[in-house]
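Peer 1: The structure's right below; bear with me while I get my questions together.
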Amino acid sequence: MNSFWEFLSGIRWQDFVDILLNSYIIFRLYVLLRGTTILYMLMGVALLWFFQRIAVSLGLIVTSWLSQGLTAVAALIVVIIFGGEIRAAFRGKGLKAVFWGFPKHNPPSSVEVIADAVFDMAQKHTGSLIVFPGKKSLKGVVQNGIIWNGEVSKEMIISIFWHNNPVHDGAAILDGNQITEVGTILPLSQRMDLPKYYGTRHRAAIGLSESSDALVVATSEERGVVIAAKEGEVKVMHKRSDLANRLREHLGISVNRPHFWAKERLLLTAAGVLSVLLVTGVWFSLTRGWNSLLITMETPIEYTNRDSRLEILSTSANTVRLHLSGSYILLKSLRPDQVRVQLNLEPAKPGQNVFSITRNQVSVPPGIILSKVEPSTVEMEIDLSVTRTLPVQADWKGELARDLLITDVKLSPQTVKVVGSSRELEKISTIYTQKIPLEDVDKSGTRSVPLALGRQISVATDTPRQVTVSYKVEPRK
Amino acid sequence: MQRIMKRMTFLLLCFLLSLILSPTWGQEVAQEVTKEKLTLYHSVMCEDVQDRKPFNPTVVFPISRGKAYCYTLFEPVPVKTYIYHNWYRRDVLSFTIRLQVQPPSWATYSNIQLRESDRGPWRVEITDAEGNTFQTLRFSVTE
């Protein structure tokens, strides 16, 4: 029970925002891509990714590697192949439509008008082939259509299939109240079990219904029969009302309009809830996955807001051990630079200081929980930083040839400006050079020698770090 | 009578002139005496002092040489006084020697016996009784 409350208390307001934001993005994608093939493809990619995560968690090396590759390739394929469809989904839509609005479906056409036209043609033995697209696009399935874009009317439908009309042999595509294309060639069904009296029109109707979710209505010239084909299944329509009902069912048109909108609302609500559940699941699996870990990380302490006049002489700790917990995935991908411990030295004063390291001073990536900091306090000795000018002295070492003497040494510059804590600089009155070996000295000369500075002393910015040592060598008397 | 008067006038003028000039002259002499101050004329680190003169001046002393000398010559020395040779090894005062100097000039020196532990940079600060530094001499003790 305690762990449950701990689990809940670890959730921040940012996490809620994170979940809601991503849920909304997925919901909007669903709304915008609803009825397109791309949505199904994206769902497939998501399933592949989910499969890959399971394979990783089960330790299936090759499977996870393969599924990872497949996911990447599938995502690429979706973008390349369905680029046109993606563009079509967003084309002509303003920012409001993309982020907020709901695409309006075409108002339902008068199915009775269509049913009347079809049965009139059947009565007169006029062959016809009418396609009512479903949610999937027909691009790539139908061919050679002539753009028509005429409003649906009984006369218009009959005139398209009038035997002297050049486009009467092809299929007409009806989308809402519009006849969008005519003279379209549909794929023929290859089924062998169809009745022998089914002509080309019937085979075309069944063929398209097999390869799409469209409803295809055909009338036969010979027998004057009306058929409706969907998902490869053919039904004979005996009455106008049968066809009208079939059309309504396919187009999702309810006789009762409020009922239709209620259904729409229910569908969108369900999609929204599903989006939230999906993102929540993904979020929890990423951040609080079942493979939860506890790690310890040694992190250096960074000092902020330090008064430039103050010098840190000593600290009880330069690093702290952070006890971090979180999901395996997050902790595995955690980089040391993502974890920072920053100590605010604004209240620091010369002398001994004690600073507490609180959770506010430790920053960890979202989803990772800080359990403990060791040590929780840092003792620090701080002093005022001062600048002093001190003389420089050459520091010789080694053995000079016995017959020689160094009779004079001159340094340039003779003094250097150094910066350090006042306590440290009080102790010294000379800055020495680094050791100069005497073994090399056999005559007068000059050399450049670096300064030997203490750990807490540095030269001022305008002071060179080296001095020139000129020495005079004479023979011993 | 006229000659006597002339002589008297001359003597009076001389007397008055001596009265006017004598105190001023006296003051200048006193000021010159008081202006003269103890001055370090020459100072050097050397391996020995022979006949009150530095021998083999140097700034590097191998331990094998045994001793290091700090030679100082003061000129002028207005009054008998003391000066100090403060020997430091790496900023730490090792020892101080008080040396007497006498007018009109005085040469004096101090020395240290070199040991293994003395290796490193040294300096000798030459100061007066009030601690005012005349000169700092720097040298190294090496192998």
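Ordered as shown in the structure tokens, chains take letters A, B, and onward, while each chain numbers its residues from 1 and ligands are numbered from 1 in the order shown.
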Give the residues of chain A that lie within 10 Å of chain B; count only C-alpha atoms, and format the answer as a PDB file with N, CA and C atoms, in the first residue's frame.
Peer 2:
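Writing the result to iface_21.pdb gives the following:
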```pdb
ATOM      1  N   VAL A 392      59.322  37.532  -7.293  1.00  0.00           N
ATOM      2  CA  VAL A 392      59.557  36.178  -7.814  1.00  0.00           C
ATOM      3  C   VAL A 392      61.010  35.801  -7.533  1.00  0.00           C
ATOM      4  N   GLN A 393      61.237  34.546  -7.158  1.00  0.00           N
ATOM      5  CA  GLN A 393      62.595  34.075  -6.890  1.00  0.00           C
ATOM      6  C   GLN A 393      62.850  32.798  -7.683  1.00  0.00           C
ATOM      7  N   ALA A 394      64.057  32.731  -8.252  1.00  0.00           N
ATOM      8  CA  ALA A 394      64.443  31.519  -8.991  1.00  0.00           C
ATOM      9  C   ALA A 394      64.729  30.400  -7.997  1.00  0.00           C
ATOM     10  N   ASP A 395      64.253  29.204  -8.320  1.00  0.00           N
ATOM     11  CA  ASP A 395      64.464  28.046  -7.434  1.00  0.00           C
ATOM     12  C   ASP A 395      65.366  27.053  -8.169  1.00  0.00           C
ATOM     13  N   TRP A 396      66.672  27.076  -7.817  1.00  0.00           N
ATOM     14  CA  TRP A 396      67.642  26.235  -8.501  1.00  0.00           C
ATOM     15  C   TRP A 396      67.690  24.864  -7.861  1.00  0.00           C
ATOM     16  N   LYS A 397      68.023  23.863  -8.669  1.00  0.00           N
ATOM     17  CA  LYS A 397      68.202  22.519  -8.112  1.00  0.00           C
ATOM     18  C   LYS A 397      69.300  21.794  -8.901  1.00  0.00           C
ATOM     19  N   GLY A 398      69.815  20.774  -8.300  1.00  0.00           N
ATOM     20  CA  GLY A 398      70.852  19.992  -8.974  1.00  0.00           C
ATOM     21  C   GLY A 398      72.246  20.455  -8.572  1.00  0.00           C
ATOM     22  N   GLU A 399      73.185  20.144  -9.424  1.00  0.00           N
ATOM     23  CA  GLU A 399      74.581  20.406  -9.084  1.00  0.00           C
ATOM     24  C   GLU A 399      75.233  21.223 -10.192  1.00  0.00           C
ATOM     25  N   LEU A 400      75.778  22.360  -9.804  1.00  0.00           N
ATOM     26  CA  LEU A 400      76.509  23.207 -10.745  1.00  0.00           C
ATOM     27  C   LEU A 400      77.949  22.696 -10.833  1.00  0.00           C
ATOM     28  N   ARG A 402      81.748  22.308 -10.520  1.00  0.00           N
ATOM     29  CA  ARG A 402      82.479  22.772  -9.337  1.00  0.00           C
ATOM     30  C   ARG A 402      83.310  24.028  -9.602  1.00  0.00           C
ATOM     31  N   LEU A 404      82.444  26.567 -11.427  1.00  0.00           N
ATOM     32  CA  LEU A 404      81.614  27.705 -11.851  1.00  0.00           C
ATOM     33  C   LEU A 404      80.835  28.285 -10.684  1.00  0.00           C
ATOM     34  N   LEU A 405      80.490  29.570 -10.855  1.00  0.00           N
ATOM     35  CA  LEU A 405      79.644  30.260  -9.874  1.00  0.00           C
ATOM     36  C   LEU A 405      78.563  31.018 -10.634  1.00  0.00           C
ATOM     37  N   ILE A 406      77.358  31.032 -10.088  1.00  0.00           N
ATOM     38  CA  ILE A 406      76.338  31.937 -10.650  1.00  0.00           C
ATOM     39  C   ILE A 406      76.390  33.173  -9.774  1.00  0.00           C
ATOM     40  N   THR A 407      76.908  34.220 -10.350  1.00  0.00           N
ATOM     41  CA  THR A 407      77.164  35.403  -9.526  1.00  0.00           C
ATOM     42  C   THR A 407      76.010  36.377  -9.489  1.00  0.00           C
ATOM     43  N   ASP A 408      75.141  36.294 -10.470  1.00  0.00           N
ATOM     44  CA  ASP A 408      74.019  37.253 -10.481  1.00  0.00           C
ATOM     45  C   ASP A 408      72.821  36.627 -11.214  1.00  0.00           C
ATOM     46  N   VAL A 409      71.650  36.913 -10.706  1.00  0.00           N
ATOM     47  CA  VAL A 409      70.412  36.440 -11.355  1.00  0.00           C
ATOM     48  C   VAL A 409      69.436  37.606 -11.420  1.00  0.00           C
ATOM     49  N   LYS A 427      50.219  33.796   4.092  1.00  0.00           N
ATOM     50  CA  LYS A 427      51.292  32.886   4.498  1.00  0.00           C
ATOM     51  C   LYS A 427      52.531  33.041   3.636  1.00  0.00           C
ATOM     52  N   ILE A 428      52.380  33.583   2.451  1.00  0.00           N
ATOM     53  CA  ILE A 428      53.534  33.621   1.546  1.00  0.00           C
ATOM     54  C   ILE A 428      53.937  35.056   1.216  1.00  0.00           C
ATOM     55  N   SER A 429      55.219  35.219   0.968  1.00  0.00           N
ATOM     56  CA  SER A 429      55.696  36.549   0.583  1.00  0.00           C
ATOM     57  C   SER A 429      56.546  36.470  -0.680  1.00  0.00           C
ATOM     58  N   THR A 430      56.696  35.266  -1.232  1.00  0.00           N
ATOM     59  CA  THR A 430      57.491  35.080  -2.448  1.00  0.00           C
ATOM     60  C   THR A 430      56.794  34.070  -3.346  1.00  0.00           C
ATOM     61  N   ILE A 431      56.858  34.313  -4.649  1.00  0.00           N
ATOM     62  CA  ILE A 431      56.414  33.311  -5.620  1.00  0.00           C
ATOM     63  C   ILE A 431      57.681  32.723  -6.238  1.00  0.00           C
ATOM     64  N   TYR A 432      57.811  31.410  -6.147  1.00  0.00           N
ATOM     65  CA  TYR A 432      59.009  30.762  -6.679  1.00  0.00           C
ATOM     66  C   TYR A 432      58.748  30.268  -8.102  1.00  0.00           C
ATOM     67  N   THR A 433      59.857  30.143  -8.819  1.00  0.00           N
ATOM     68  CA  THR A 433      59.739  29.541 -10.148  1.00  0.00           C
ATOM     69  C   THR A 433      59.720  28.026  -9.957  1.00  0.00           C
ATOM     70  N   LYS A 435      61.435  24.382 -10.496  1.00  0.00           N
ATOM     71  CA  LYS A 435      62.857  24.063 -10.307  1.00  0.00           C
ATOM     72  C   LYS A 435      63.640  24.270 -11.621  1.00  0.00           C
ATOM     73  N   LEU A 438      70.480  22.844 -12.645  1.00  0.00           N
ATOM     74  CA  LEU A 438      71.809  23.465 -12.776  1.00  0.00           C
ATOM     75  C   LEU A 438      72.731  22.682 -13.696  1.00  0.00           C
ATOM     76  N   TYR A 471      70.926  34.814 -16.042  1.00  0.00           N
ATOM     77  CA  TYR A 471      71.945  34.497 -15.025  1.00  0.00           C
ATOM     78  C   TYR A 471      73.347  34.697 -15.596  1.00  0.00           C
ATOM     79  N   LYS A 472      74.232  35.094 -14.666  1.00  0.00           N
ATOM     80  CA  LYS A 472      75.617  35.386 -15.057  1.00  0.00           C
ATOM     81  C   LYS A 472      76.501  34.319 -14.424  1.00  0.00           C
ATOM     82  N   VAL A 473      77.276  33.629 -15.252  1.00  0.00           N
ATOM     83  CA  VAL A 473      78.148  32.545 -14.764  1.00  0.00           C
ATOM     84  C   VAL A 473      79.606  33.000 -14.870  1.00  0.00           C
ATOM     85  N   GLU A 474      80.346  32.801 -13.792  1.00  0.00           N
ATOM     86  CA  GLU A 474      81.777  33.164 -13.783  1.00  0.00           C
ATOM     87  C   GLU A 474      82.579  32.008 -13.221  1.00  0.00           C
ATOM     88  N   PRO A 475      83.867  31.927 -13.572  1.00  0.00           N
ATOM     89  CA  PRO A 475      84.691  30.842 -13.009  1.00  0.00           C
ATOM     90  C   PRO A 475      84.981  31.095 -11.524  1.00  0.00           C
ATOM     91  N   ARG A 476      84.991  29.999 -10.790  1.00  0.00           N
ATOM     92  CA  ARG A 476      85.292  30.098  -9.357  1.00  0.00           C
ATOM     93  C   ARG A 476      86.766  30.484  -9.176  1.00  0.00           C
ATOM     94  N   LYS A 477      87.032  31.364  -8.188  1.00  0.00           N
ATOM     95  CA  LYS A 477      88.440  31.777  -7.943  1.00  0.00           C
ATOM     96  C   LYS A 477      89.163  30.699  -7.135  1.00  0.00           C
TER      97      LYS A 477
END
```
Peer 1: Give me, as a PyMOL selection string, all polymer residues having an atom no more than 8 Å from Gly66 (chain B), counting only C-alpha atoms and skipping those fewer than 5 positions away in the same chain.
Peer 2: chain B and resi 113-115
Peer 1: Using only C-alpha atoms, determine which residues lie at most 7 Å from Thr127 (chain B), disregarding the query and same-chain residues fewer than 3 positions distant; provide the list as a PyMOL selection string.
Peer 2: chain B and resi 83-85+131-134
Peer 1: As an exercise, work out the distance from CA of Val276 (chain A) to CA of Arg28 (chain A) in Å and give it to one decimal place.
Peer 2: 11.9 Å
Peer 1: Taking the backbone alone, and naming residues the way the document does, which bits of region 36-184 of chain A are strand (DSSP E or B) by DSSP, as a VMD selection string?
Peer 2: chain A and resid 128 to 132 139 142 to 143 146 to 151 171 to 175 178 to 184
Peer 1: Could you dump the residues just selected with N, CA, C and O atoms as a short mmCIF file (atom, residue, chain, number, x, y, z; two decimals), in the first residue's frame?
Peer 2:
```
data_model
loop_
_atom_site.label_atom_id
_atom_site.label_comp_id
_atom_site.auth_asym_id
_atom_site.auth_seq_id
_atom_site.Cartn_x
_atom_site.Cartn_y
_atom_site.Cartn_z
N SER A 128 -25.98 -0.64 -65.73
CA SER A 128 -25.32 0.44 -64.96
C SER A 128 -24.41 -0.16 -63.89
O SER A 128 -24.56 -1.30 -63.48
N LEU A 129 -23.43 0.69 -63.49
CA LEU A 129 -22.47 0.26 -62.47
C LEU A 129 -22.13 1.49 -61.62
O LEU A 129 -21.51 2.44 -62.10
N ILE A 130 -22.58 1.47 -60.38
CA ILE A 130 -22.40 2.67 -59.53
C ILE A 130 -21.61 2.26 -58.28
O ILE A 130 -21.93 1.28 -57.60
N VAL A 131 -20.59 3.08 -58.00
CA VAL A 131 -19.72 2.78 -56.86
C VAL A 131 -19.99 3.80 -55.76
O VAL A 131 -19.98 5.01 -56.01
N PHE A 132 -20.18 3.29 -54.55
CA PHE A 132 -20.31 4.15 -53.37
C PHE A 132 -19.09 3.87 -52.48
O PHE A 132 -19.06 2.84 -51.79
N LYS A 139 -8.07 5.18 -54.68
CA LYS A 139 -6.93 5.49 -55.54
C LYS A 139 -6.08 4.25 -55.74
O LYS A 139 -5.77 3.54 -54.79
N VAL A 142 -9.22 1.77 -58.79
CA VAL A 142 -9.97 2.04 -60.02
C VAL A 142 -9.10 2.85 -60.97
O VAL A 142 -8.18 3.52 -60.54
N GLN A 143 -9.42 2.74 -62.25
CA GLN A 143 -8.56 3.39 -63.25
C GLN A 143 -9.37 4.13 -64.31
O GLN A 143 -10.54 3.80 -64.56
N ILE A 146 -13.15 9.50 -65.60
CA ILE A 146 -13.23 10.87 -66.13
C ILE A 146 -13.90 11.71 -65.05
O ILE A 146 -14.96 11.36 -64.53
N ILE A 147 -13.24 12.81 -64.73
CA ILE A 147 -13.77 13.66 -63.66
C ILE A 147 -15.10 14.25 -64.11
O ILE A 147 -15.23 14.78 -65.21
N TRP A 148 -16.09 14.16 -63.24
CA TRP A 148 -17.44 14.60 -63.59
C TRP A 148 -17.89 15.73 -62.68
O TRP A 148 -18.28 16.80 -63.12
N ASN A 149 -17.84 15.45 -61.37
CA ASN A 149 -18.21 16.42 -60.34
C ASN A 149 -19.58 17.08 -60.60
O ASN A 149 -19.72 18.30 -60.57
N GLY A 150 -20.54 16.25 -60.88
CA GLY A 150 -21.92 16.76 -61.09
C GLY A 150 -22.81 16.34 -59.94
O GLY A 150 -22.58 15.31 -59.29
N GLU A 151 -23.82 17.16 -59.67
CA GLU A 151 -24.72 16.85 -58.56
C GLU A 151 -25.63 15.66 -58.93
O GLU A 151 -26.02 15.51 -60.09
N ALA A 171 -17.89 2.62 -64.82
CA ALA A 171 -18.63 2.79 -63.57
C ALA A 171 -18.64 4.26 -63.19
O ALA A 171 -17.71 5.01 -63.52
N ALA A 172 -19.75 4.65 -62.53
CA ALA A 172 -19.82 6.01 -61.99
C ALA A 172 -19.55 5.93 -60.48
O ALA A 172 -20.00 5.01 -59.81
N ILE A 173 -18.76 6.91 -60.00
CA ILE A 173 -18.46 6.92 -58.57
C ILE A 173 -19.23 8.04 -57.92
O ILE A 173 -19.16 9.20 -58.34
N LEU A 174 -20.01 7.70 -56.91
CA LEU A 174 -20.85 8.68 -56.20
C LEU A 174 -20.28 8.89 -54.80
O LEU A 174 -20.07 7.94 -54.05
N ASP A 175 -20.00 10.16 -54.53
CA ASP A 175 -19.51 10.48 -53.19
C ASP A 175 -20.40 11.56 -52.61
O ASP A 175 -20.38 12.70 -53.06
N GLN A 178 -22.42 14.04 -54.90
CA GLN A 178 -21.68 14.33 -56.13
C GLN A 178 -21.40 13.04 -56.90
O GLN A 178 -21.06 12.01 -56.30
N ILE A 179 -21.50 13.17 -58.21
CA ILE A 179 -20.99 12.10 -59.08
C ILE A 179 -19.59 12.57 -59.43
O ILE A 179 -19.41 13.54 -60.18
N THR A 180 -18.58 11.96 -58.80
CA THR A 180 -17.21 12.49 -58.94
C THR A 180 -16.53 12.03 -60.22
O THR A 180 -15.83 12.79 -60.86
N GLU A 181 -16.73 10.74 -60.58
CA GLU A 181 -16.07 10.23 -61.78
C GLU A 181 -17.02 9.33 -62.55
O GLU A 181 -17.87 8.68 -61.95
N VAL A 182 -16.80 9.28 -63.86
CA VAL A 182 -17.59 8.36 -64.70
C VAL A 182 -16.63 7.62 -65.63
O VAL A 182 -15.47 8.01 -65.76
N GLY A 183 -17.15 6.56 -66.27
CA GLY A 183 -16.33 5.78 -67.21
C GLY A 183 -15.16 5.11 -66.55
O GLY A 183 -14.12 4.86 -67.18
N THR A 184 -15.29 4.81 -65.28
CA THR A 184 -14.18 4.23 -64.52
C THR A 184 -14.10 2.72 -64.75
O THR A 184 -15.13 2.04 -64.83
#
```
